[in-house]
Amino acid sequence: NKELGFLQHVAVALNEPGRAAIILPDGVLSGSGAGEIVRRRLLRDFDVHTILRLPTGIFYATGVNANVLFFDRPSDVQHPATRHLWVYDLRTNMHFTLVNNRLGQQQLTEFVRCFSPSDRSLRTPTWSPENPRGRWRSYNYGEVLERDQCNLDLLWITAEDHDQSAQGSSLNELTEEIMQDLHTAMSQLSDLTLGLNRSDN
(Lines give C-alpha, C1' and ligand atoms only; values in the text may rest on other atoms or scores of the structure.)
Protein backbone atom coordinates (compact mmCIF):
# COMPACT_ATOMS: atom_id res chain seq x y z
CA ASN A 1 0.00 0.00 0.00
CA LYS A 2 1.73 3.16 -1.23
CA GLU A 3 -0.22 5.51 1.04
CA LEU A 4 0.58 3.48 4.17
CA GLY A 5 4.22 3.23 3.11
CA PHE A 6 4.37 7.00 2.62
CA LEU A 7 2.83 7.63 6.04
CA GLN A 8 5.35 5.29 7.69
CA HIS A 9 8.22 6.97 5.83
CA VAL A 10 7.14 10.43 7.01
CA ALA A 11 6.77 9.21 10.59
CA VAL A 12 10.19 7.52 10.68
CA ALA A 13 11.93 10.47 9.01
CA LEU A 14 10.42 13.02 11.40
CA ASN A 15 12.88 14.71 13.75
CA GLU A 16 12.55 14.54 17.53
CA PRO A 17 10.75 16.78 18.32
CA GLY A 18 9.01 17.25 15.00
CA ARG A 19 5.66 18.11 13.45
CA ALA A 20 3.96 16.73 10.36
CA ALA A 21 0.83 17.40 8.31
CA ILE A 22 0.09 14.90 5.55
CA ILE A 23 -2.82 14.53 3.09
CA LEU A 24 -4.18 10.99 3.04
CA PRO A 25 -7.18 9.25 1.47
CA ASP A 26 -9.95 7.83 3.65
CA GLY A 27 -8.65 4.29 3.15
CA VAL A 28 -5.57 4.95 5.29
CA LEU A 29 -7.83 5.97 8.17
CA SER A 30 -10.19 3.02 7.89
CA GLY A 31 -8.47 0.11 6.12
CA SER A 32 -8.06 -3.21 7.92
CA GLY A 33 -4.98 -5.42 8.25
CA ALA A 34 -1.76 -3.47 7.86
CA GLY A 35 -3.70 -0.19 8.05
CA GLU A 36 -4.96 -1.00 11.54
CA ILE A 37 -1.46 -1.96 12.71
CA VAL A 38 0.03 1.30 11.39
CA ARG A 39 -2.73 3.41 12.99
CA ARG A 40 -2.33 1.76 16.40
CA ARG A 41 1.44 2.24 16.35
CA LEU A 42 1.11 5.82 15.18
CA LEU A 43 -1.31 6.64 17.99
CA ARG A 44 0.96 4.96 20.53
CA ASP A 45 4.30 6.46 19.44
CA PHE A 46 3.21 9.85 18.04
CA ASP A 47 0.86 12.57 19.22
CA VAL A 48 -1.83 12.27 16.56
CA HIS A 49 -3.75 15.36 17.58
CA THR A 50 -5.82 16.54 14.60
CA ILE A 51 -7.67 15.29 11.53
CA LEU A 52 -9.15 17.73 9.00
CA ARG A 53 -11.78 15.98 6.87
CA LEU A 54 -11.45 17.66 3.48
CA PRO A 55 -14.52 18.18 1.29
CA THR A 56 -15.05 16.37 -1.97
CA GLY A 57 -14.83 18.31 -5.22
CA ILE A 58 -11.54 20.11 -4.53
CA PHE A 59 -9.34 17.74 -6.56
CA TYR A 60 -9.50 16.98 -10.27
CA ALA A 61 -10.15 13.31 -9.46
CA THR A 62 -13.78 13.72 -8.41
CA GLY A 63 -15.04 11.53 -5.62
CA VAL A 64 -11.66 11.29 -3.90
CA ASN A 65 -12.12 11.71 -0.15
CA ALA A 66 -9.02 12.99 1.60
CA ASN A 67 -7.95 14.20 5.02
CA VAL A 68 -5.09 16.18 6.52
CA LEU A 69 -3.53 14.23 9.37
CA PHE A 70 -1.53 16.29 11.88
CA PHE A 71 0.85 14.56 14.27
CA ASP A 72 3.90 15.38 16.39
CA ARG A 73 6.91 13.29 17.29
CA PRO A 74 7.76 14.13 20.91
CA SER A 75 11.37 14.08 22.07
CA ASP A 76 10.41 12.19 25.23
CA VAL A 77 7.71 9.66 24.34
CA GLN A 78 5.36 8.61 27.10
CA HIS A 79 3.10 5.86 25.82
CA PRO A 80 0.56 6.45 24.59
CA ALA A 81 1.78 9.66 23.00
CA THR A 82 -1.73 10.50 21.75
CA ARG A 83 -4.05 11.78 24.46
CA HIS A 84 -6.80 13.51 22.49
CA LEU A 85 -7.60 13.34 18.78
CA TRP A 86 -9.50 16.36 17.48
CA VAL A 87 -11.49 16.14 14.24
CA TYR A 88 -12.81 18.99 12.10
CA ASP A 89 -15.44 17.91 9.56
CA LEU A 90 -15.25 20.20 6.52
CA ARG A 91 -16.86 17.53 4.33
CA THR A 92 -20.32 16.54 5.49
CA ASN A 93 -22.99 18.63 3.73
CA MET A 94 -20.31 20.87 2.20
CA HIS A 95 -20.13 21.39 -1.57
CA PHE A 96 -17.15 22.87 -3.40
CA THR A 97 -16.07 22.89 -7.03
CA LEU A 98 -12.89 23.82 -8.87
CA VAL A 99 -14.42 26.93 -10.44
CA ASN A 100 -17.72 28.36 -9.19
CA ASN A 101 -17.43 27.50 -5.50
CA ARG A 102 -13.77 27.03 -4.72
CA LEU A 103 -12.46 26.14 -1.28
CA GLY A 104 -10.69 29.26 -0.01
CA GLN A 105 -9.18 30.83 3.06
CA GLN A 106 -12.57 32.00 4.30
CA GLN A 107 -13.86 28.44 4.60
CA LEU A 108 -10.82 27.49 6.72
CA THR A 109 -11.08 30.39 9.18
CA GLU A 110 -13.08 28.45 11.76
CA PHE A 111 -10.77 25.45 11.52
CA VAL A 112 -7.68 27.61 12.11
CA ARG A 113 -9.34 29.24 15.11
CA CYS A 114 -10.39 25.86 16.53
CA PHE A 115 -6.93 24.38 15.85
CA SER A 116 -5.41 27.03 18.16
CA PRO A 117 -1.87 26.63 16.80
CA SER A 118 -0.26 28.81 19.48
CA ASP A 119 -1.65 26.75 22.37
CA ARG A 120 -3.56 23.53 21.70
CA SER A 121 -4.60 23.29 25.36
CA LEU A 122 -7.07 26.11 24.63
CA ARG A 123 -9.06 24.02 22.16
CA THR A 124 -12.81 23.99 22.72
CA PRO A 125 -15.25 21.75 20.83
CA THR A 126 -18.07 23.26 18.81
CA TRP A 127 -19.89 19.91 18.91
CA SER A 128 -22.07 18.98 21.86
CA PRO A 129 -25.22 16.91 22.39
CA GLU A 130 -27.07 20.24 22.23
CA ASN A 131 -25.25 21.22 19.02
CA PRO A 132 -24.89 17.96 17.05
CA ARG A 133 -23.95 19.85 13.88
CA GLY A 134 -20.81 21.36 15.41
CA ARG A 135 -17.85 20.54 13.16
CA TRP A 136 -15.09 20.37 15.80
CA ARG A 137 -15.00 17.41 18.18
CA SER A 138 -12.53 15.63 20.45
CA TYR A 139 -12.03 11.90 21.09
CA ASN A 140 -9.76 10.55 23.78
CA TYR A 141 -7.22 7.80 23.17
CA GLY A 142 -9.37 5.10 24.74
CA GLU A 143 -12.40 5.95 22.61
CA VAL A 144 -10.35 5.75 19.41
CA LEU A 145 -8.71 2.45 20.36
CA GLU A 146 -12.09 0.85 21.11
CA ARG A 147 -13.39 1.57 17.62
CA ASP A 148 -13.59 -1.38 15.25
CA GLN A 149 -10.15 -1.82 13.61
CA CYS A 150 -9.09 1.46 15.21
CA ASN A 151 -11.03 3.27 12.49
CA LEU A 152 -10.09 6.96 12.36
CA ASP A 153 -12.70 7.89 9.76
CA LEU A 154 -14.70 9.72 12.42
CA LEU A 155 -17.99 11.37 11.52
CA TRP A 156 -21.02 12.41 13.53
CA ILE A 157 -22.92 15.04 11.52
CA THR A 158 -26.01 13.65 9.83
CA ALA A 159 -25.64 13.85 6.08
CA GLU A 160 -28.44 15.58 4.22
CA ASP A 161 -29.98 13.78 1.27
CA HIS A 162 -28.34 14.09 -2.14
CA ASP A 163 -30.65 16.80 -3.43
CA GLN A 164 -29.93 19.03 -0.44
CA SER A 165 -26.17 18.38 -0.42
CA ALA A 166 -26.06 19.48 -4.06
CA GLN A 167 -27.49 22.78 -2.77
CA GLY A 168 -30.22 22.83 -5.34
CA SER A 169 -27.87 22.91 -8.31
CA SER A 170 -29.83 22.53 -11.51
CA LEU A 171 -28.66 20.52 -14.50
CA ASN A 172 -27.79 23.76 -16.29
CA GLU A 173 -25.64 24.95 -13.37
CA LEU A 174 -23.80 21.63 -13.20
CA THR A 175 -23.22 21.68 -16.95
CA GLU A 176 -21.86 25.22 -16.69
CA GLU A 177 -19.48 24.11 -13.92
CA ILE A 178 -18.17 21.26 -16.06
CA MET A 179 -17.70 23.55 -19.04
CA GLN A 180 -15.78 26.07 -16.93
CA ASP A 181 -13.59 23.32 -15.48
CA LEU A 182 -12.80 22.09 -18.99
CA HIS A 183 -12.10 25.64 -20.18
CA THR A 184 -9.71 26.18 -17.27
CA ALA A 185 -7.92 22.90 -17.98
CA MET A 186 -7.61 23.71 -21.70
CA SER A 187 -6.25 27.17 -20.89
CA GLN A 188 -3.64 25.67 -18.58
CA LEU A 189 -2.63 23.12 -21.23
CA SER A 190 -2.35 25.92 -23.80
CA ASP A 191 -0.08 27.92 -21.49
CA LEU A 192 2.03 24.84 -20.84
CA THR A 193 2.38 24.08 -24.56
CA LEU A 194 3.35 27.70 -25.27
CA GLY A 195 5.97 27.57 -22.53
CA LEU A 196 7.40 24.29 -23.86
CA ASN A 197 7.60 25.71 -27.38
CA ARG A 198 9.47 28.76 -26.11
CA SER A 199 11.95 26.60 -24.20
CA ASP A 200 12.62 24.54 -27.35
CA ASN A 201 13.46 27.73 -29.26
# chains A, B, ... in the order shown; residues from 1 in each chain; ligands from 1
>>> residues_around(residues="Asn101 in chain A", least_positions_apart="3", cutoff="10 Å", atoms="only C-alpha atoms", output="PyMOL selection string")
chain A and resi 57-58+95-98+104+177
>>> write_last_selection(atoms="all heavy atoms", output="JSON list (two decimals), in the first residue's frame")
[["chain", "number", "residue", "atom", "x", "y", "z"],
["A", 57, "GLY", "N", -14.68, 17.31, -4.18],
["A", 57, "GLY", "CA", -14.83, 18.31, -5.22],
["A", 57, "GLY", "C", -13.71, 19.33, -5.28],
["A", 57, "GLY", "O", -13.82, 20.30, -6.02],
["A", 58, "ILE", "N", -12.63, 19.15, -4.50],
["A", 58, "ILE", "CA", -11.54, 20.11, -4.53],
["A", 58, "ILE", "C", -10.33, 19.58, -5.30],
["A", 58, "ILE", "O", -9.34, 20.29, -5.47],
["A", 58, "ILE", "CB", -11.11, 20.55, -3.12],
["A", 58, "ILE", "CG1", -10.60, 19.35, -2.30],
["A", 58, "ILE", "CG2", -12.25, 21.22, -2.40],
["A", 58, "ILE", "CD1", -9.99, 19.75, -0.96],
["A", 95, "HIS", "N", -20.20, 21.61, -0.12],
["A", 95, "HIS", "CA", -20.13, 21.39, -1.57],
["A", 95, "HIS", "C", -19.23, 22.44, -2.19],
["A", 95, "HIS", "O", -19.51, 23.63, -2.15],
["A", 95, "HIS", "CB", -21.53, 21.47, -2.19],
["A", 95, "HIS", "CG", -21.55, 21.28, -3.67],
["A", 95, "HIS", "ND1", -21.21, 20.08, -4.27],
["A", 95, "HIS", "CD2", -21.84, 22.13, -4.69],
["A", 95, "HIS", "CE1", -21.31, 20.21, -5.60],
["A", 95, "HIS", "NE2", -21.68, 21.44, -5.86],
["A", 96, "PHE", "N", -18.09, 21.97, -2.73],
["A", 96, "PHE", "CA", -17.15, 22.87, -3.40],
["A", 96, "PHE", "C", -16.85, 22.34, -4.79],
["A", 96, "PHE", "O", -16.95, 21.15, -5.05],
["A", 96, "PHE", "CB", -15.84, 22.99, -2.60],
["A", 96, "PHE", "CG", -16.02, 23.58, -1.23],
["A", 96, "PHE", "CD1", -16.11, 22.77, -0.12],
["A", 96, "PHE", "CD2", -16.10, 24.95, -1.07],
["A", 96, "PHE", "CE1", -16.28, 23.31, 1.14],
["A", 96, "PHE", "CE2", -16.27, 25.51, 0.19],
["A", 96, "PHE", "CZ", -16.36, 24.68, 1.30],
["A", 97, "THR", "N", -16.47, 23.27, -5.68],
["A", 97, "THR", "CA", -16.07, 22.89, -7.03],
["A", 97, "THR", "C", -14.75, 23.58, -7.34],
["A", 97, "THR", "O", -14.26, 24.40, -6.56],
["A", 97, "THR", "CB", -17.12, 23.34, -8.07],
["A", 97, "THR", "OG1", -17.19, 24.77, -8.08],
["A", 97, "THR", "CG2", -18.50, 22.76, -7.75],
["A", 98, "LEU", "N", -14.18, 23.24, -8.49],
["A", 98, "LEU", "CA", -12.89, 23.82, -8.87],
["A", 98, "LEU", "C", -13.01, 25.22, -9.45],
["A", 98, "LEU", "O", -12.02, 25.92, -9.59],
["A", 98, "LEU", "CB", -12.20, 22.90, -9.88],
["A", 98, "LEU", "CG", -11.76, 21.54, -9.36],
["A", 98, "LEU", "CD1", -11.26, 20.67, -10.50],
["A", 98, "LEU", "CD2", -10.68, 21.69, -8.30],
["A", 104, "GLY", "N", -11.65, 28.16, -0.21],
["A", 104, "GLY", "CA", -10.69, 29.26, -0.01],
["A", 104, "GLY", "C", -10.38, 29.47, 1.45],
["A", 104, "GLY", "O", -10.85, 28.73, 2.34],
["A", 177, "GLU", "N", -20.66, 24.39, -14.73],
["A", 177, "GLU", "CA", -19.48, 24.11, -13.92],
["A", 177, "GLU", "C", -18.50, 23.23, -14.69],
["A", 177, "GLU", "O", -17.29, 23.48, -14.71],
["A", 177, "GLU", "CB", -19.87, 23.41, -12.62],
["A", 177, "GLU", "CG", -20.31, 24.34, -11.52],
["A", 177, "GLU", "CD", -20.53, 23.60, -10.22],
["A", 177, "GLU", "OE1", -20.19, 22.40, -10.14],
["A", 177, "GLU", "OE2", -21.04, 24.22, -9.27]]
>>> residues_around(residues="Arg113 in chain A", least_positions_apart="4", cutoff="12 Å", atoms="only C-alpha atoms", output="VMD selection string")
chain A and resid 88 106 to 109 117 to 120 122 to 126 136
>>> residues_around(residues="range 141-144 of chain A", least_positions_apart="6", cutoff="10 Å", atoms="only C-alpha atoms", output="PyMOL selection string")
chain A and resi 40+43-44+48+80-85+150-152+154
>>> write_last_selection(atoms="all heavy atoms", output="short mmCIF file (atom, residue, chain, number, x, y, z; two decimals), in the first residue's frame")
data_model
loop_
_atom_site.label_atom_id
_atom_site.label_comp_id
_atom_site.auth_asym_id
_atom_site.auth_seq_id
_atom_site.Cartn_x
_atom_site.Cartn_y
_atom_site.Cartn_z
N ARG A 40 -2.53 2.00 14.96
CA ARG A 40 -2.33 1.76 16.40
C ARG A 40 -0.92 2.17 16.82
O ARG A 40 -0.73 2.77 17.89
CB ARG A 40 -2.60 0.30 16.74
CG ARG A 40 -4.07 -0.09 16.64
CD ARG A 40 -4.33 -1.51 17.13
NE ARG A 40 -5.72 -1.88 16.97
CZ ARG A 40 -6.69 -1.58 17.84
NH1 ARG A 40 -6.39 -0.91 18.94
NH2 ARG A 40 -7.94 -1.96 17.63
N LEU A 43 -0.66 6.05 16.83
CA LEU A 43 -1.31 6.64 17.99
C LEU A 43 -0.50 6.41 19.27
O LEU A 43 -0.48 7.25 20.17
CB LEU A 43 -2.71 6.05 18.16
CG LEU A 43 -3.76 6.45 17.12
CD1 LEU A 43 -4.96 5.51 17.16
CD2 LEU A 43 -4.22 7.89 17.34
N ARG A 44 0.17 5.29 19.34
CA ARG A 44 0.96 4.96 20.53
C ARG A 44 2.26 5.77 20.59
O ARG A 44 2.62 6.30 21.65
CB ARG A 44 1.29 3.47 20.55
CG ARG A 44 2.06 3.00 21.79
CD ARG A 44 2.61 1.61 21.57
NE ARG A 44 3.63 1.61 20.50
CZ ARG A 44 4.09 0.50 19.92
NH1 ARG A 44 3.61 -0.69 20.27
NH2 ARG A 44 5.03 0.58 18.99
N VAL A 48 -0.92 12.04 17.69
CA VAL A 48 -1.83 12.27 16.56
C VAL A 48 -2.97 13.15 17.09
O VAL A 48 -3.91 12.66 17.70
CB VAL A 48 -2.37 10.94 16.00
CG1 VAL A 48 -3.24 11.18 14.78
CG2 VAL A 48 -1.23 9.99 15.68
N PRO A 80 0.67 6.06 26.00
CA PRO A 80 0.56 6.45 24.59
C PRO A 80 0.86 7.93 24.41
O PRO A 80 0.52 8.75 25.26
CB PRO A 80 -0.89 6.13 24.26
CG PRO A 80 -1.62 6.37 25.56
CD PRO A 80 -0.65 5.94 26.64
N ALA A 81 1.46 8.27 23.28
CA ALA A 81 1.78 9.66 23.00
C ALA A 81 0.53 10.48 22.68
O ALA A 81 0.45 11.66 22.96
CB ALA A 81 2.78 9.75 21.85
N THR A 82 -0.47 9.82 22.07
CA THR A 82 -1.73 10.50 21.75
C THR A 82 -2.64 10.50 22.96
O THR A 82 -2.90 9.43 23.55
CB THR A 82 -2.45 9.80 20.58
OG1 THR A 82 -1.59 9.81 19.43
CG2 THR A 82 -3.76 10.50 20.23
N ARG A 83 -3.10 11.66 23.35
CA ARG A 83 -4.05 11.78 24.46
C ARG A 83 -5.46 12.10 23.94
O ARG A 83 -6.43 11.48 24.35
CB ARG A 83 -3.60 12.87 25.43
CG ARG A 83 -2.22 12.63 26.02
CD ARG A 83 -2.19 11.44 26.93
NE ARG A 83 -0.85 11.20 27.46
CZ ARG A 83 -0.56 10.28 28.38
NH1 ARG A 83 -1.52 9.50 28.83
NH2 ARG A 83 0.68 10.12 28.79
N HIS A 84 -5.52 13.09 23.06
CA HIS A 84 -6.80 13.51 22.49
C HIS A 84 -6.63 13.71 20.99
O HIS A 84 -5.67 14.34 20.55
CB HIS A 84 -7.30 14.80 23.13
CG HIS A 84 -7.63 14.67 24.58
ND1 HIS A 84 -8.82 14.14 25.03
CD2 HIS A 84 -6.91 14.97 25.69
CE1 HIS A 84 -8.83 14.14 26.34
NE2 HIS A 84 -7.67 14.63 26.77
N LEU A 85 -7.56 13.17 20.23
CA LEU A 85 -7.60 13.34 18.78
C LEU A 85 -8.78 14.25 18.45
O LEU A 85 -9.93 13.91 18.72
CB LEU A 85 -7.74 11.99 18.08
CG LEU A 85 -7.97 12.04 16.56
CD1 LEU A 85 -6.81 12.74 15.86
CD2 LEU A 85 -8.15 10.63 16.00
N CYS A 150 -9.71 0.15 14.93
CA CYS A 150 -9.09 1.46 15.21
C CYS A 150 -9.37 2.44 14.07
O CYS A 150 -8.48 3.16 13.61
CB CYS A 150 -7.59 1.31 15.46
SG CYS A 150 -6.81 2.73 16.24
N ASN A 151 -10.62 2.45 13.63
CA ASN A 151 -11.03 3.27 12.49
C ASN A 151 -10.98 4.75 12.86
O ASN A 151 -11.64 5.19 13.81
CB ASN A 151 -12.45 2.86 12.09
CG ASN A 151 -12.91 3.51 10.80
OD1 ASN A 151 -12.47 4.59 10.45
ND2 ASN A 151 -13.81 2.85 10.09
N LEU A 152 -10.21 5.53 12.11
CA LEU A 152 -10.09 6.96 12.36
C LEU A 152 -10.94 7.80 11.42
O LEU A 152 -10.82 9.04 11.42
CB LEU A 152 -8.62 7.40 12.24
CG LEU A 152 -7.62 6.73 13.18
CD1 LEU A 152 -6.24 7.34 12.99
CD2 LEU A 152 -8.06 6.85 14.63
N LEU A 154 -13.73 9.33 11.40
CA LEU A 154 -14.70 9.72 12.42
C LEU A 154 -15.69 10.73 11.86
O LEU A 154 -15.29 11.77 11.32
CB LEU A 154 -13.95 10.32 13.62
CG LEU A 154 -12.96 9.36 14.29
CD1 LEU A 154 -11.87 10.13 15.01
CD2 LEU A 154 -13.69 8.44 15.25
#
>>> atom_distance(atom1="CA of Val99 in chain A", atom2="CA of Val112 in chain A")
23.5 Å
>>> select_by_dssp(residues="range 32-112 of chain A", states="alpha helix (DSSP H)", output="list of chain:residue names")
A:Ala34, A:Gly35, A:Glu36, A:Ile37, A:Val38, A:Arg39, A:Arg40, A:Arg41, A:Leu42, A:Leu43, A:Arg44, A:Asp45, A:Thr109, A:Glu110, A:Phe111, A:Val112
>>> select_by_dssp(residues="chain A", states="strand (DSSP E or B)", output="PyMOL selection string")
chain A and resi 18-25+47-53+66-73+84-89+128+131+136-140
>>> write_last_selection(atoms="N, CA and C atoms", output="short mmCIF file (atom, residue, chain, number, x, y, z; two decimals), in the first residue's frame")
data_model
loop_
_atom_site.label_atom_id
_atom_site.label_comp_id
_atom_site.auth_asym_id
_atom_site.auth_seq_id
_atom_site.Cartn_x
_atom_site.Cartn_y
_atom_site.Cartn_z
N GLY A 18 9.35 16.88 16.36
CA GLY A 18 9.01 17.25 15.00
C GLY A 18 7.52 17.28 14.80
N ARG A 19 7.08 17.99 13.75
CA ARG A 19 5.66 18.11 13.45
C ARG A 19 5.42 17.74 11.99
N ALA A 20 4.29 17.13 11.72
CA ALA A 20 3.96 16.73 10.36
C ALA A 20 2.48 16.98 10.08
N ALA A 21 2.20 17.32 8.82
CA ALA A 21 0.83 17.40 8.31
C ALA A 21 0.85 16.72 6.95
N ILE A 22 0.03 15.72 6.76
CA ILE A 22 0.09 14.90 5.55
C ILE A 22 -1.32 14.65 5.04
N ILE A 23 -1.52 14.79 3.72
CA ILE A 23 -2.82 14.53 3.09
C ILE A 23 -2.92 13.05 2.75
N LEU A 24 -4.00 12.43 3.22
CA LEU A 24 -4.18 10.99 3.04
C LEU A 24 -5.62 10.69 2.62
N PRO A 25 -5.82 9.65 1.81
CA PRO A 25 -7.18 9.25 1.47
C PRO A 25 -7.86 8.54 2.64
N ASP A 47 2.03 11.82 18.76
CA ASP A 47 0.86 12.57 19.22
C ASP A 47 0.01 12.92 18.00
N VAL A 48 -0.92 12.04 17.69
CA VAL A 48 -1.83 12.27 16.56
C VAL A 48 -2.97 13.15 17.09
N HIS A 49 -2.87 14.45 16.87
CA HIS A 49 -3.75 15.36 17.58
C HIS A 49 -4.88 15.95 16.75
N THR A 50 -4.79 15.88 15.40
CA THR A 50 -5.82 16.54 14.60
C THR A 50 -6.04 15.82 13.27
N ILE A 51 -7.30 15.72 12.88
CA ILE A 51 -7.67 15.29 11.53
C ILE A 51 -8.61 16.34 10.94
N LEU A 52 -8.27 16.83 9.76
CA LEU A 52 -9.15 17.73 9.00
C LEU A 52 -9.76 16.92 7.86
N ARG A 53 -11.07 16.69 7.94
CA ARG A 53 -11.78 15.98 6.87
C ARG A 53 -12.04 16.95 5.73
N ALA A 66 -10.34 12.86 1.00
CA ALA A 66 -9.02 12.99 1.60
C ALA A 66 -9.10 13.73 2.93
N ASN A 67 -8.04 13.60 3.69
CA ASN A 67 -7.95 14.20 5.02
C ASN A 67 -6.55 14.76 5.20
N VAL A 68 -6.42 15.74 6.09
CA VAL A 68 -5.09 16.18 6.52
C VAL A 68 -4.88 15.63 7.93
N LEU A 69 -3.85 14.82 8.08
CA LEU A 69 -3.53 14.23 9.37
C LEU A 69 -2.36 14.99 9.98
N PHE A 70 -2.56 15.54 11.17
CA PHE A 70 -1.53 16.29 11.88
C PHE A 70 -1.02 15.44 13.04
N PHE A 71 0.30 15.28 13.12
CA PHE A 71 0.85 14.56 14.27
C PHE A 71 2.24 15.08 14.61
N ASP A 72 2.60 14.94 15.89
CA ASP A 72 3.90 15.38 16.39
C ASP A 72 4.70 14.17 16.85
N ARG A 73 6.02 14.29 16.72
CA ARG A 73 6.91 13.29 17.29
C ARG A 73 7.59 13.91 18.51
N HIS A 84 -5.52 13.09 23.06
CA HIS A 84 -6.80 13.51 22.49
C HIS A 84 -6.63 13.71 20.99
N LEU A 85 -7.56 13.17 20.23
CA LEU A 85 -7.60 13.34 18.78
C LEU A 85 -8.78 14.25 18.45
N TRP A 86 -8.47 15.41 17.87
CA TRP A 86 -9.50 16.36 17.48
C TRP A 86 -9.79 16.21 15.99
N VAL A 87 -11.07 16.29 15.64
CA VAL A 87 -11.49 16.14 14.24
C VAL A 87 -12.34 17.34 13.84
N TYR A 88 -11.99 17.91 12.68
CA TYR A 88 -12.81 18.99 12.10
C TYR A 88 -13.40 18.46 10.80
N ASP A 89 -14.73 18.45 10.72
CA ASP A 89 -15.44 17.91 9.56
C ASP A 89 -15.80 19.04 8.60
N SER A 128 -21.55 19.40 20.55
CA SER A 128 -22.07 18.98 21.86
C SER A 128 -23.39 18.26 21.60
N ASN A 131 -25.59 20.69 20.35
CA ASN A 131 -25.25 21.22 19.02
C ASN A 131 -24.62 20.09 18.19
N TRP A 136 -16.37 20.55 15.10
CA TRP A 136 -15.09 20.37 15.80
C TRP A 136 -15.34 19.54 17.05
N ARG A 137 -14.69 18.36 17.11
CA ARG A 137 -15.00 17.41 18.18
C ARG A 137 -13.74 16.69 18.62
N SER A 138 -13.69 16.31 19.89
CA SER A 138 -12.53 15.63 20.45
C SER A 138 -12.88 14.20 20.86
N TYR A 139 -11.92 13.29 20.63
CA TYR A 139 -12.03 11.90 21.09
C TYR A 139 -10.78 11.60 21.91
N ASN A 140 -10.95 10.91 23.03
CA ASN A 140 -9.76 10.55 23.78
C ASN A 140 -9.17 9.24 23.25
#
>>> closest_residue(among="A:Asp148, A:Ala159, A:Gly134, A:Phe46", to="Asp76 in chain A", atoms="only C-alpha atoms")
A:Phe46
>>> atom_distance(atom1="CA of Thr92 in chain A", atom2="CA of Asp153 in chain A")
12.3 Å
>>> atom_distance(atom1="CA of Arg91 in chain A", atom2="CA of Leu54 in chain A")
5.5 Å
>>> closest_residue(among="A:Val64, A:Leu90, A:Leu194, A:Ala11", to="Asp26 in chain A", atoms="only C-alpha atoms")
A:Val64
